[in-house]
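The structure under discussion appears below in the form of structure tokens.
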Amino acid sequence: MIDAGVARAGDAEGPAVVYPASVEEAAEVIRAANRTGTRLIPAGLGSWLGAGGWTGPADVIVSCERLNAVQHYEPADLTMTAGAGLGMAELDDVLRPNGQWLPVDAPGVGAGTVGGMVACGVSGALQGRYGAVRDNVLGVDVVTGAGRVLRIGGRVVKNVAGYDLVRLFTGSRGSLGIITSVSVRLFPRPEADVTLCYGGGTTEIVALARTMCTSPLPIAAVEVEAGGENGETVMVRLLGSVGEVEEVLSRLVDSVGPKPRAIVRGDESAALHRDRGAWEEGSALVVRLAALPDRLADTFGRGAALAGALGGEIAADAMSGVVRVKASPDAGRDGDVVRELSRAREEMEAAGGTMTLSQARGEVAARVGWTGGRGSDGGLGTRIKELFDPASILAARCP
Amino acid sequence: MVPVTLAKSLVEICGRDGVILDEERLLVYESDALTAYRHRPGAVVLPRSTDQVQGAVRAIAEHGLPIVPRGAGTGLSGGAVALDGAVVIGTARMNRILDIDAPNRRAVLQPGVINAELSVAAGAHGLYYAPDPSSQTACTIGGNVAENSGGPHCLKYGVTSRYVTGLAVVLADGSMVRLGGQGRESPGYDLVGLFVGSEGCFGIATEIEVGLLPVPEGVCTLLGIFDRIDDAGQAVSDIVGAGLLPAALEIIDGPTIRAVEDSVFAAGYPIDAEAALVIEFDGMEAGLEHDAERAAALCALAGAREVRTARDEDERMALWKGRKKAFGAMGRIAPDLLVQDATVPRTTLPSILRGISDIGQRYDLVVANVFHAGDGNLHPNILFDRRDEHELERVERASKEIMQLCVDSGGTITGEHGVGLDKKHHMDLIYGPDELDAMWQVRRVFDPGGVMNPGKVLPEDTGPAEGAGLPEGIGGD
């Protein structure tokens, strides 16, 4: 049954890739892996392979590429159920004619799959307005690391029946099970989409971003970037009805100090953010620094220092206090990179924040750790990991 | 009664005024707002701090007694009922708002803070707390966390779990863990999300961090009056289908309208109508009028007899009154009320409402509906008199049939009230043995000894065998 879907990733030396075509086949793969002690990496299209799981070489990649059907979509319910392998771009193609969208702008998500989005659970700058990934996942089908199929949650927007295992699997980075199907909450596509772009020096733009974040006006997202070809920029995105967006726009232009360098509307605004979403693509090392939003200047400064050391660029989701650093391909020797990353984590944690690796090569991740010391959960995470993946088929430890 | 040694320890930990042992005073704690289930607790402890909660948990555990966490007791699923002489740990005196951090739009609270009081306090900073269960003037944030509470405005803003960003939790062994906190980003598994909605089975949240939202500039409320409930259901689908995103979309059916208008809560709804639809938009004044006009037009197209628009706050409150007082009004016309809480895909609303009406007729019961139509979250209320044994039996059978009907349409058995005692034997309508077993095992990770709120949420016959010890991982073969 499984033979049909086996290929090699890259060269003949690379790990084999299995393409299960049903949840039962995926379960069969996991059970076989349990019997033989094979280490697996669950994957969608493979765009996030550097985002968790094994830090050493794995034996087999389990791709959900063939599990890509739209299983249920009733537009007026504003929900959809789809196979984990459905591409985010294909999903958008299905939703667009009905005036709907899934407002998840997680970094790199455009090139990935819905399953990958849920497994990674990383949110982008729209999370303040529309909720994080975890807030919009209604249900998942998973095969646990022990090979058991669980269908948890559902496809209705309010559901408190039983414990919320959906949230446990969302963002678990493939360490508990393979997600084979996903139900998500959808939103009406906003009538108007406008982005105001401001330029200036670092101090100035960070302060401006904070002003935007504390404004009572309905602002959908505030992003800051530096070190790239556009120089230092703040992008303020407005989404909503034409009447509302035009009103907010005129009040911002009238009341906030500097004048925007550009005002981008409609498809152009959407495209601008789509490009922002692709910002991480192709980078082997991406770091995420987070602290309370009012510490943005410090977090941004910490990110800038790291970007300086790794020859990279930075981008921030100001409303959430998240600063991402993308290292250049020649970031330096592993030892130097590890030292810089460890120092960044130490400093962030000392200030009450966090530093996580979004993408990293195995050797670096093994030495730095994906998420750093939490230590305050009393071992709950580790015990949950052991429960669902007792033979450590999917990952050595909890992320 | 609890053993004297335990009573003494609890008094030492929480003070004499923090322990209730008196049989009569314990009666107050024998049920939550679902009065069908009544059990008197062995004792009630009312700690003031995390330390006191830890001390009380350890003392109770040493005596081998179960623990039931309790907020204000406004729950509707029997979740806070103390079975088998359990000791209730009530959070009523842990009611301090520890911090309102306006620049970061978050607040840190003790669990006994009343939901509505948080919004009042945050209001001074132009902020508010979005989830608004109908009991918000009485219910506590700790209870909301345990139940993952909803409310009318969840349609646009989401339920409790979207707003909880950090927790300090006292576990069954008396240890304290910190999950999440300091904003939205939290590495590792989403244990905060897992804890929210765990109905007191995983531990007691003693400190809660929540996100706040800026108060919207304007609010516009409409009331559509319909001669057919199907038409109201159609209007809901049309409004959502048109890309409008109201803050709330609520339906009150004919029997409920008549109960309300017959009562002291009369809101001026026409008593010959078969449905009233409350529609609320919030946001910038500039966009509101346009949205409201579109919604009113869609109501008219769907067959509304009349659409009223509130011009000011008083009118707005009047339109809401019939919705908010519906439960109170129904209490007047029948001695007992069983509230169902299933959620269905919203496009199935018209057929489900017909189905519920048929079930009511078949069992000769009055069923009144008042519900969150925009979310598809139904609240069929079955009116009855518990003293009539035959009627009680019909109520139970009708209730299960309604749940089955909703599940068959792609829905679930509870949207916001929780499983508690009331629905645990219906969990198998939506989950198979594997899912229930996974939930049992996750529960055991938090509470290996089964001390916290036993007898709730999961049916016992699906659980691991007594004395089998900790299972070694889920399934496999």
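Simple scheme: letters A, B, ... for chains in structure tokens order, numbers from 1 for residues in each chain, numbers from 1 for ligands in the order shown.
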
* Selection near Gly151 of chain B, 8 Å with only C-alpha atoms, sequence-local residues under 5 positions removed, as an NGL selection string -> :B and (131-134 or 159 or 372 or 416)

* Asked: Quick one: residues within 6 Å of segment 171-187 of chain A, only C-alpha atoms counted, chain neighbours fewer than 6 positions away excluded, as a ChimeraX atom specification?
  -> /A:42,52-53,78-84,100-102,119-121,136-145,155,388-389,394-395 /B:189

Using only C-alpha atoms, which residues of chain A come within 6 Å of chain B, and what is the closest atom pair for each, with the distance in Å to one decimal? Give it as a Markdown table, sorted by chain and residue number.
```
| residue | atom | partner | partner_atom | distance |
| --- | --- | --- | --- | --- |
| A:Ala76 | CA | B:Gly241 | CA | 5.0 |
| A:Asp77 | CA | B:Arg346 | CA | 5.5 |
| A:Asp135 | CA | B:Arg162 | CA | 5.8 |
| A:Ala146 | CA | B:Gly476 | CA | 4.6 |
| A:Gly147 | CA | B:Gly476 | CA | 5.3 |
| A:Arg148 | CA | B:Gly475 | CA | 5.8 |
| A:Leu150 | CA | B:Glu435 | CA | 5.6 |
| A:Val156 | CA | B:Pro345 | CA | 5.7 |
| A:Lys158 | CA | B:Gly415 | CA | 4.7 |
| A:Asn159 | CA | B:Gly415 | CA | 4.3 |
| A:Val160 | CA | B:Gly415 | CA | 5.4 |
| A:Ala161 | CA | B:Thr414 | CA | 5.6 |
| A:Tyr163 | CA | B:Ser198 | CA | 5.5 |
| A:Asp164 | CA | B:Leu194 | CA | 5.2 |
| A:Arg167 | CA | B:Gly193 | CA | 5.7 |
| A:Leu168 | CA | B:Asp190 | CA | 5.5 |
| A:Ser172 | CA | B:Tyr189 | CA | 5.7 |
| A:Pro188 | CA | B:Gly243 | CA | 4.8 |
| A:Pro216 | CA | B:Pro214 | CA | 5.6 |
| A:Gly243 | CA | B:Gly287 | CA | 4.7 |
| A:Glu244 | CA | B:Gly287 | CA | 4.5 |
| A:Leu292 | CA | B:Gly183 | CA | 5.7 |
| A:Pro293 | CA | B:Asn104 | CA | 5.8 |
| A:Thr371 | CA | B:Pro187 | CA | 5.7 |
| A:Ser376 | CA | B:Arg178 | CA | 5.3 |
| A:Asp377 | CA | B:Val177 | CA | 5.1 |
| A:Gly378 | CA | B:Val177 | CA | 5.9 |
| A:Leu387 | CA | B:Gly473 | CA | 4.1 |
| A:Phe388 | CA | B:Ile474 | CA | 5.6 |
| A:Pro390 | CA | B:Gly473 | CA | 5.6 |
| A:Pro399 | CA | B:Gly188 | CA | 5.3 |
```
